[in-house]
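Structure first, then comments.
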Amino acid sequence: MMSRQAFLCGLGSLYLSLLFVFLLMDVYARPANNSAFKEKPADSKDENEILPPDHLNGVKMEMDGHLNKEFHQEVFLGKEMEEFEEDSEPRKNRKKLMVIFSKVDINNDKKIGAKEMQRWIMEKTDEHFQEAVEENKMHFRAVDPDGDGHVSWDEYKIKFLASKGFNEKEIAEKIKNNEELKIDEETQEVLDNLKDRWYQADNPPPDLLLNEEEFLSFLHPEHSRGMLKFMVKEIIRDLDQDGDKKLTLSEFISLPVGTVENQQAQDIDDDWVKDRRKEFEEVIDANHDGIVTMEELEEYMDPMNEYNALNEAKQMIAVADENQNHHLELEEILKYSEYFTGSKLMDYARNVHEEF
């Protein structure tokens, strides 16, 4: 005869078995989250591979004419900027900043002068340039399927439309047969702008084919003087209200299209005007005549301009130079860490001497 203990053990095992079965049934009964398993269509390309980026690292102004809010961090941190973004632990960031300070301070006098900062800015800007060159090699392969070292506008157009969800084979066939493409107005406008840019990147004699170097200029206009001029013309065209191909202060600080709906939006607009007024009057308008010409804006936009780098170095020093000796000490950089790195380092003074 079965004992009470054996009976209870058997009953417990049965309960666990039934519970496991019910759990399995519940799992399989739930709607599947197919989003994680959906494969990207075979004829789709990542837009980031083939579209010119809106933001250019190490360039003072965005493609749309907005000021680059992260410029100081980009030219001070270079490729290390991502490390500060990903690692928010103050102690580690503080140590990283101390290491950077020692690298900038090439004469080891425990302070950073304008020339040292200028050299560092040029070095970090070049890092961004080299990063763009390496990325371009991958992007060029994405639009050069036959590997002949050249990409035609039609080849690029097919890849672009495929990235927008169009069937790549159907688009290629229609373009080959000169058939009409049914494209929405917004996509067509983007295509028209890209085509203008494509022609500008095509070095003389024009053949409407871009090699890898020309494609780099197409994606990154800061790598080509000719494309930099084109970028400046586009920005002035968008901001110039009277059509004289120059910018007045009022044109430069004009608010983007839209209405101010609340106080928060008003504060943002006030900051917009304040920042752009300061940049216009103190930096871009080189001769201080109240007018910014294409030449002035081009010089301002040129990331490899050594004179600009020196001016930027002096400005960066002035922001944190509390003792007014025209140099930066470690304590000053740590105190103004948010300006240089985008990260606040708490209790900087307490840790300076014990860690460095």
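By convention here, the chains of the structure tokens are called A, B, ... in the order presented, each chain's residues are numbered starting at 1, and ligands are numbered starting at 1 in the order presented.
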
If you run DSSP on the backbone, which residues of region 148-293 of chain A are helix (DSSP H, G or I), as a PyMOL selection string?
-> chain A and resi 153-163+168-176+185-201+212-219+221-223+225-239+249-252+263-284

Keeping C-alpha atoms for every residue in the selection just given, could you write it to a file as a tab-separated table (two decimals), in the first residue's frame?
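Below you can see again-v4.tsv, which holds the result:
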```
chain	number	residue	atom	x	y	z
A	153	TRP	CA	24.08	58.57	-61.72
A	154	ASP	CA	21.62	55.87	-62.85
A	155	GLU	CA	23.39	53.23	-60.76
A	156	TYR	CA	23.23	55.49	-57.72
A	157	LYS	CA	19.61	56.41	-58.42
A	158	ILE	CA	18.63	52.74	-58.46
A	159	LYS	CA	20.32	52.08	-55.12
A	160	PHE	CA	18.77	55.20	-53.58
A	161	LEU	CA	15.24	54.25	-54.66
A	162	ALA	CA	15.80	50.69	-53.44
A	163	SER	CA	16.69	52.16	-50.02
A	168	GLU	CA	15.48	47.40	-57.33
A	169	LYS	CA	15.06	45.11	-60.36
A	170	GLU	CA	11.91	46.87	-61.55
A	171	ILE	CA	13.48	50.32	-61.16
A	172	ALA	CA	16.63	49.20	-63.01
A	173	GLU	CA	14.54	47.80	-65.87
A	174	LYS	CA	12.46	50.99	-66.19
A	175	ILE	CA	15.53	53.21	-66.19
A	176	LYS	CA	17.16	50.98	-68.80
A	185	GLU	CA	6.86	64.34	-54.84
A	186	GLU	CA	8.98	64.30	-51.69
A	187	THR	CA	11.29	61.55	-52.98
A	188	GLN	CA	11.59	63.29	-56.34
A	189	GLU	CA	12.66	66.51	-54.62
A	190	VAL	CA	15.37	64.67	-52.72
A	191	LEU	CA	16.52	63.03	-55.95
A	192	ASP	CA	16.74	66.40	-57.74
A	193	ASN	CA	18.89	67.84	-54.95
A	194	LEU	CA	21.13	64.78	-54.97
A	195	LYS	CA	21.53	65.05	-58.74
A	196	ASP	CA	22.74	68.66	-58.44
A	197	ARG	CA	25.20	67.56	-55.81
A	198	TRP	CA	26.29	64.61	-57.96
A	199	TYR	CA	27.15	66.90	-60.88
A	200	GLN	CA	29.13	69.18	-58.57
A	201	ALA	CA	31.20	66.25	-57.28
A	212	GLU	CA	35.80	56.61	-55.10
A	213	GLU	CA	37.44	59.98	-54.41
A	214	GLU	CA	34.64	61.92	-56.11
A	215	PHE	CA	32.05	59.85	-54.25
A	216	LEU	CA	33.77	60.87	-51.01
A	217	SER	CA	33.27	64.51	-51.99
A	218	PHE	CA	29.65	63.76	-52.81
A	219	LEU	CA	29.03	62.36	-49.32
A	221	PRO	CA	31.77	68.09	-49.11
A	222	GLU	CA	34.34	69.14	-46.49
A	223	HIS	CA	36.85	66.92	-48.33
A	225	ARG	CA	37.17	72.74	-51.97
A	226	GLY	CA	34.75	72.70	-54.89
A	227	MET	CA	32.09	70.83	-52.93
A	228	LEU	CA	32.64	73.08	-49.92
A	229	LYS	CA	31.83	76.04	-52.16
A	230	PHE	CA	28.69	74.24	-53.32
A	231	MET	CA	27.65	73.59	-49.72
A	232	VAL	CA	28.16	77.27	-48.84
A	233	LYS	CA	26.06	78.35	-51.84
A	234	GLU	CA	23.26	76.03	-50.72
A	235	ILE	CA	23.30	77.43	-47.18
A	236	ILE	CA	23.32	81.06	-48.37
A	237	ARG	CA	20.54	80.30	-50.85
A	238	ASP	CA	18.37	78.98	-48.02
A	239	LEU	CA	19.05	81.92	-45.68
A	249	LEU	CA	22.78	89.56	-39.35
A	250	SER	CA	18.98	89.64	-39.51
A	251	GLU	CA	18.98	86.99	-42.26
A	252	PHE	CA	21.41	84.78	-40.36
A	263	GLN	CA	7.41	79.27	-23.30
A	264	GLN	CA	9.77	76.32	-23.75
A	265	ALA	CA	9.74	76.87	-27.52
A	266	GLN	CA	10.28	80.59	-26.94
A	267	ASP	CA	13.34	79.86	-24.78
A	268	ILE	CA	14.75	77.61	-27.51
A	269	ASP	CA	14.19	80.35	-30.09
A	270	ASP	CA	15.86	82.90	-27.82
A	271	ASP	CA	18.91	80.64	-27.51
A	272	TRP	CA	18.92	80.17	-31.29
A	273	VAL	CA	19.07	83.93	-31.86
A	274	LYS	CA	21.66	84.50	-29.12
A	275	ASP	CA	24.03	81.78	-30.34
A	276	ARG	CA	23.80	82.75	-34.01
A	277	ARG	CA	24.21	86.47	-33.29
A	278	LYS	CA	27.39	85.76	-31.30
A	279	GLU	CA	28.80	83.46	-33.99
A	280	PHE	CA	27.98	85.94	-36.78
A	281	GLU	CA	29.45	89.01	-35.08
A	282	GLU	CA	32.50	87.45	-33.43
A	283	VAL	CA	33.58	84.72	-35.83
A	284	ILE	CA	31.98	84.50	-39.28
```

Members of region 96-312 of chain A assigned strand (DSSP E or B) by DSSP, as an mmCIF file with all heavy atoms, in the first residue's frame:
```
data_model
loop_
_atom_site.group_PDB
_atom_site.id
_atom_site.type_symbol
_atom_site.label_atom_id
_atom_site.label_comp_id
_atom_site.auth_asym_id
_atom_site.auth_seq_id
_atom_site.Cartn_x
_atom_site.Cartn_y
_atom_site.Cartn_z
ATOM 1 N N ILE A 112 48.145 74.370 -21.102
ATOM 2 C CA ILE A 112 47.951 74.283 -22.550
ATOM 3 C C ILE A 112 47.835 75.682 -23.127
ATOM 4 O O ILE A 112 46.994 76.480 -22.709
ATOM 5 C CB ILE A 112 46.682 73.480 -22.884
ATOM 6 C CG1 ILE A 112 46.826 72.030 -22.434
ATOM 7 C CG2 ILE A 112 46.376 73.538 -24.373
ATOM 8 C CD1 ILE A 112 45.540 71.215 -22.582
ATOM 9 N N VAL A 151 30.832 54.878 -60.572
ATOM 10 C CA VAL A 151 29.392 54.774 -60.367
ATOM 11 C C VAL A 151 28.700 55.841 -61.200
ATOM 12 O O VAL A 151 29.047 57.023 -61.120
ATOM 13 C CB VAL A 151 29.017 54.967 -58.878
ATOM 14 C CG1 VAL A 151 27.503 54.871 -58.688
ATOM 15 C CG2 VAL A 151 29.712 53.935 -58.012
ATOM 16 N N SER A 152 27.731 55.413 -62.021
ATOM 17 C CA SER A 152 26.964 56.372 -62.808
ATOM 18 C C SER A 152 25.807 56.905 -61.969
ATOM 19 O O SER A 152 25.434 56.314 -60.953
ATOM 20 C CB SER A 152 26.419 55.704 -64.075
ATOM 21 O OG SER A 152 25.412 54.752 -63.743
ATOM 22 N N LEU A 209 30.299 60.136 -64.166
ATOM 23 C CA LEU A 209 30.702 58.954 -63.409
ATOM 24 C C LEU A 209 31.551 59.414 -62.226
ATOM 25 O O LEU A 209 32.459 60.232 -62.397
ATOM 26 C CB LEU A 209 31.526 57.997 -64.272
ATOM 27 C CG LEU A 209 30.844 57.399 -65.513
ATOM 28 C CD1 LEU A 209 31.869 56.612 -66.331
ATOM 29 C CD2 LEU A 209 29.685 56.499 -65.104
ATOM 30 N N LEU A 210 31.273 58.895 -61.053
ATOM 31 C CA LEU A 210 32.067 59.238 -59.876
ATOM 32 C C LEU A 210 32.970 58.079 -59.507
ATOM 33 O O LEU A 210 32.518 56.937 -59.399
ATOM 34 C CB LEU A 210 31.165 59.581 -58.686
ATOM 35 C CG LEU A 210 30.202 60.763 -58.806
ATOM 36 C CD1 LEU A 210 29.610 61.107 -57.445
ATOM 37 C CD2 LEU A 210 30.879 61.981 -59.416
ATOM 38 N N LEU A 247 24.786 87.483 -46.628
ATOM 39 C CA LEU A 247 23.941 87.342 -45.454
ATOM 40 C C LEU A 247 24.128 88.518 -44.503
ATOM 41 O O LEU A 247 25.261 88.851 -44.137
ATOM 42 C CB LEU A 247 24.254 86.042 -44.706
ATOM 43 C CG LEU A 247 23.963 84.729 -45.431
ATOM 44 C CD1 LEU A 247 24.350 83.542 -44.552
ATOM 45 C CD2 LEU A 247 22.500 84.642 -45.837
ATOM 46 N N THR A 248 23.028 89.139 -44.124
ATOM 47 C CA THR A 248 23.052 90.140 -43.072
ATOM 48 C C THR A 248 22.808 89.430 -41.748
ATOM 49 O O THR A 248 22.420 88.251 -41.717
ATOM 50 C CB THR A 248 21.960 91.195 -43.284
ATOM 51 O OG1 THR A 248 20.679 90.537 -43.242
ATOM 52 C CG2 THR A 248 22.117 91.897 -44.626
ATOM 53 N N ILE A 291 28.178 92.192 -42.912
ATOM 54 C CA ILE A 291 27.769 91.360 -44.050
ATOM 55 C C ILE A 291 28.674 90.135 -44.112
ATOM 56 O O ILE A 291 29.898 90.243 -43.990
ATOM 57 C CB ILE A 291 27.872 92.139 -45.386
ATOM 58 C CG1 ILE A 291 26.969 93.365 -45.377
ATOM 59 C CG2 ILE A 291 27.540 91.222 -46.567
ATOM 60 C CD1 ILE A 291 25.493 93.058 -45.419
ATOM 61 N N VAL A 292 28.079 88.971 -44.314
ATOM 62 C CA VAL A 292 28.867 87.749 -44.524
ATOM 63 C C VAL A 292 28.779 87.357 -45.984
ATOM 64 O O VAL A 292 27.691 87.114 -46.511
ATOM 65 C CB VAL A 292 28.359 86.602 -43.629
ATOM 66 C CG1 VAL A 292 28.940 85.264 -44.089
ATOM 67 C CG2 VAL A 292 28.746 86.852 -42.180
#
```

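Compared by their closest atoms to Lys103 (chain A), and using only C-alpha atoms, the residues A:Tyr307, A:Asn325, A:Leu330, A:Glu62 rank with A:Leu330 nearest.
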
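Of the listed residues A:Pro206, A:Gly113, A:Pro52, A:Gly58, the one whose atoms come nearest to Met81 (chain A) is A:Gly58, with distances taken using only C-alpha atoms.
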
Quote the spacing between CA of Lys96 (chain A) and CA of Leu328 (chain A) in Å to one decimal place.
-> 16.6 Å

Measure the distance from CA of Leu334 (chain A) to CA of Ile106 (chain A) in Å and round it to one decimal.
-> 18.4 Å
